[in-house]
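For reference, the structure discussed in these notes is given below.
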Amino acid sequence: MAFEYIQGQSLMHKLDPRTKVLFFMLVTVLIMVVYDPIIMLGLLGVIVLMYRLSGIPLSKLWGITKALLPVFIMFLVLNYFVIPPRGAIVYFYLLPGIAPVTIETTLIGITSALRFVLFIWLSRLLTFTTSISEILIAMVKMKSPPEIATSLGIAFSSVPLMINQFSTVIQAQKSRGSQIEVRNPIKKGISFIPVVVPGIYLTILRGMNVARTVEARAFTYNPKKRTFRKMIQFGHKDYAFLTISGLFTAVVVAIRILYGWFDYTFILRDVLRFM
Amino acid sequence: MTSKAPVISCKGLTYIYPGTTEPALNGIDLEVERGEIVLITGPTGAGKTTLCSTLNGLVPHFYGGRLEGEVRVLGQDVRDTSAGYLSTKVGMLFQDPSSQLISATVEDEVAFGPENLGVTVEEITQRTNSVLNYMELSGLKERPPFALSGGQQQAVGLASVIAMKPEILVLDEPTSNLDPIGTINIFALLRKISREEENTIIIVEHKLQELVDIADRIVMVEGGKIRLEGPPREILAEDAVLLYERGLQPPQVSLLAHKLKAAGIPIEKVPLTVSESLEILSKPLRALKERASELRQKESEAQQIKSQPIIEVENVSFQYPGGVVAVRDVTTEFYKEDFVGIIGQNGSGKTTLVKLLNGLLKPTRGVVKVFGLNSRESPIHDLIKYVGYVFQDPDSQLFSKTVYQELSFGLKNLRVPKDQWESRINSVAKMLLIDSLLKEAPYSLSRGDRQRVAIASVLVMEPQVVVVDEPTTGQDPRKRREIMELMKVLHDKYGKTIIFITHDMDLVAEYAKRCIVMKDGGIVLDGAPHEVFLHYDELEKTHLKPPMITLLFKELGTRYNLRKDILTVDEALDYLKSKLVS
């Protein structure tokens, strides 16, 4: 599930959701100025470390990464088409006359693919360590209308119920001999109709019932004055965490601008010189 | 009392839902005073739920439609008052428990209403804790509501309404998913609330006998109009038979008294409870006391000669992936002649057990043999040819454009040759009285007909065993009987083996030939209902109660040496007639 939350007591769990959003933005800036694939690998290592420290099993990380592999390759290949040719030696062309493959384009390609992986790893780390209700409260704190936050909350808490309903539908159809686990993808698609149609009906029904229920529980009475039981607060941890990561990003950006470091051949330039 | 003005007042209330022409409510005049407990009853489709929805403004503000006449709640005209405001004064519990649970945990659910009211955090915590404590739900605080049993969900729904501390509580069948003891507890809670807080309570119910001494007034609605209105004692004393005929559930002892009277046996007063009934029957029965002791029990139906078992369950346990063990070391057999009612508290493993019978679930330990096939080795595809499973909610399976197509779904899946389809479908449609509906769209049918279509769609596959999971939940007593009558026809006339799950003890008493009682995943009692219902103490331990009439004969049997194993009103009538007239 895209919003799976894993309970825990780590620093990542305890940070204010707003801190996590700001942290995410800082890291985005950071990886935009870093082009060197080796440094990018180092940053990925840091994320893996953070997973460990937050108590998220690495098997989860591997699950995400497996799904990313095709995208990773796609990023790599597309690069040769998009990036203007650089470097002296063209090894070969991907298509006759276009998409030249050089050391430089390859390195840029690897970096942007790694950047993409880091982006996904980090966002999943944040969702693994932040519960839906924390996100919603953060939304209210950040001045989004309370109705929207609450509606989203209800939608998310309906997910397990809907999964239950769908599995009942599947069982009911299996009891009528429907074979949902077939190999042929077209047949498989057709075999899902008996599940999808009642599913849609039940989903609409659920929507109507929820609307009726929130109305009956005074949700529309005075949303502006609504009490939120759980509150979130910026603490020392948040300030410390943000200051450190903010400083780090600022230093990297400054060095990049002043000295032009962290280019795609920053670490490998001596090696490349001999090629 | 703060004021003499009624808290609810309806004058000539008529309401038509959008897109319909028939009024759902037709000229209702009703006044309710502060602190009153009013029981609204009536057959399905009478307009009870619509009437409730008017009181918190969902009608007309949420549903639209045309409202005529006047409805005032706490002096405010409902038409000019927003549903949002009314919902702070009128707490409403809807019928279907799972449809009204919206939060991620039980605690959040109960706090949701008070949060909307803008109550302080401390007060919310205090209210949430006290109501959860009182309803014995504290242990479930962190659990997601969807994962609870139907009965627990209903209790959580009620707790969330009570936590809002509304002046008026409107409860639409608040105990439909509860076991008998749970029902009694909820009604006791309501009485306490109404006494302590002077709340006004409107309850929609079919279970009249539990409410006799709690409600101040009964209002019976039929066809959008008020048919009967008055104190419970008066109504039940005069109209118990009428109520029964309209598909309601008056106390069995009242019904018995009426029938005895009609049979010429002198009955002074119509009783409403077991103890009243004992007193009233003591006069005609006293003469019997000197007679010889009665043979205690009817010949047991369980002792009939049985053929080979068709389903064998040997030391079967089932554990869900989450770790919950739902069935524990169960061994039993089912026979071709069986008509089995499975009862037990919510979460006792009833549904899991029957799902093991057609291979929907495979046992984690032990063996289930269906007509000689080991369920673990045979695909479900083969097992459903023998065991048909009808799900409770028809809407979780109907999907076709016409009823005919819906019925052909199973035949197509089982690769039955096409030339047999028509004759099979027609004969099943006739059996279930839906042969005139074959060209209709399933979704356009009434709930009762949709359920028949769902049953038919399983029967076309010609299984020997028909398993029905809670076919009667959420239906009025008459509809429940209709479905059970249908099962009886399938059993008696077409030789089907029937296995059904229910909360309704009266149905088991009347229809089942064999009764299985489950508790904590195991079978605690198994036998003919005439035997099982005499185990009063064991039943109570599993939160169940025999029918009221059986409890009456428990006492009568001891005092006058009569049979104790009387399960239905008609049985009681015949028995007493044979005793008293001779």
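By order of appearance in the structure tokens: chains A, B, ..., then residues from 1 within every chain, and ligands from 1 in the order shown.
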Exercise: B:Leu211 partners within 9 Å, only C-alpha atoms, chain neighbours under 5 positions left out, as a PyMOL selection string: chain B and resi 39+184+187+205+232
List as CSV every residue of chain A that is in contact with chain B, defined as an atom at most 6 Å from one of its atoms (using only C-alpha atoms), together with the nearest atom pair and the distance in Å rounded to one decimal, sorted by chain and then rising number.
```
residue,atom,partner,partner_atom,distance
A:Ile154,CA,B:Ile102,CA,5.5
A:Ser157,CA,B:Ala104,CA,4.9
A:Leu161,CA,B:Phe146,CA,5.8
A:Val169,CA,B:Ser396,CA,5.0
A:Ala172,CA,B:Gln397,CA,6.0
A:Arg176,CA,B:Gly410,CA,4.9
A:Gly177,CA,B:Asn413,CA,5.2
A:Ser178,CA,B:Asn413,CA,5.7
A:Pro194,CA,B:Phe399,CA,5.8
A:Val197,CA,B:Phe399,CA,5.5
A:Pro198,CA,B:Ser396,CA,5.5
A:Asn209,CA,B:Ser99,CA,5.8
A:Thr213,CA,B:Gln100,CA,5.6
A:Ala216,CA,B:Ser87,CA,5.2
A:Arg217,CA,B:Gly113,CA,5.1
A:Ala218,CA,B:Ser87,CA,5.1
A:Phe219,CA,B:Asn116,CA,5.3
A:Thr220,CA,B:Gly84,CA,4.9
A:Tyr221,CA,B:Gly84,CA,4.2
A:Lys225,CA,B:Gly118,CA,5.6
A:Arg226,CA,B:Gly118,CA,4.6
A:Thr227,CA,B:Glu115,CA,4.7
A:Arg229,CA,B:Val121,CA,5.5
```
Go through stretch 41-232 of chain A and collect every residue that DSSP, computed from the backbone, puts in helix (DSSP H, G or I); the answer should be as a ChimeraX atom specification. /A:41-53,58-82,103-128,132-141,146-174,185-191,193-216,223-225
Surrounding residues of stretch 233-248 of chain A excluding itself and chain neighbours under 3 positions, 7 Å, only C-alpha atoms, as a list in words: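 Result of the neighbour search: Leu15, Asp16, Thr19, Phe23, Leu26, Val251 and Val252 of chain A.
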Selected residues written out with C-alpha atoms, as a PDB file, in the first residue's frame:
```pdb
ATOM      1  CA  LEU A  15       9.544  14.576  14.170  1.00  0.00           C
ATOM      2  CA  ASP A  16       6.730  16.952  13.405  1.00  0.00           C
ATOM      3  CA  THR A  19       9.676  19.165   9.722  1.00  0.00           C
ATOM      4  CA  PHE A  23      13.445  18.201   5.208  1.00  0.00           C
ATOM      5  CA  LEU A  26      15.926  20.588   1.564  1.00  0.00           C
ATOM      6  CA  VAL A 251      27.114  24.616   2.478  1.00  0.00           C
ATOM      7  CA  VAL A 252      26.821  22.202  -0.422  1.00  0.00           C
TER       8      VAL A 252
END
```
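Between atom CA of B:Met505 and atom CA of B:Gly341 lies a distance of 9.3 Å.
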Within 8 Å of B:Met518, counting only C-alpha atoms, which residues show up once you throw out same-chain ones fewer than 4 positions away? Write them as a PyMOL selection string, please. chain B and resi 342-345+348-350+522-525+542
Written selection (C-alpha atoms) as a tab-separated table (two decimals), in the first residue's frame:
```
chain	number	residue	atom	x	y	z
B	342	ILE	CA	-25.67	-22.52	13.67
B	343	ILE	CA	-25.84	-20.02	16.52
B	344	GLY	CA	-23.28	-18.37	18.75
B	345	GLN	CA	-22.06	-15.03	19.95
B	348	SER	CA	-17.53	-17.27	17.76
B	349	GLY	CA	-16.39	-18.70	14.42
B	350	LYS	CA	-19.71	-19.49	12.74
B	522	GLY	CA	-15.42	-24.56	19.10
B	523	ILE	CA	-18.73	-26.40	19.16
B	524	VAL	CA	-20.20	-26.42	22.68
B	525	LEU	CA	-23.65	-27.89	22.00
B	542	THR	CA	-22.32	-18.07	25.23
```
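Between atom CA of B:Ile168 and atom CA of B:Val131 lies a distance of 16.9 Å.
By only C-alpha atoms, and with residues fewer than 2 positions from stretch 27-34 of chain A along its chain excluded, the set lying at most 8 Å from it is Phe23, Phe24, Met25, Asp36, Ile39, Met40, Arg115, Phe119, Thr249, Val252, Val253, Arg256, Phe262, Asp263 and Tyr264 of chain A.
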Residues at most 7 Å from B:Glu68, counting only C-alpha atoms, excluding those fewer than 5 positions away in the same chain, as a PyMOL selection string? chain B and resi 13-15
Got a sec to tell me which of stretch 174-374 of chain B DSSP assigns to strand (DSSP E or B), as a VMD selection string? chain B and resid 200 to 204 207 217 to 222 225 to 230 249 309 to 319 325 to 335 339 to 344 365 to 370 373 to 374
Who sits within 12 Å of B:Leu260, only C-alpha atoms, same chain under 4 positions skipped, as JSON, numbers by chain: {"B": [241, 253, 254, 255, 256, 264, 265, 266, 267, 268, 269, 270, 280, 281, 284, 569, 570, 571, 572, 573, 574, 575, 576, 577, 578, 579, 580, 581]}
Which distance in Å separates atom CA of B:Asp419 and atom CA of A:Lys187, to one decimal?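 Rounded to one decimal, the two atoms are 23.4 Å apart.
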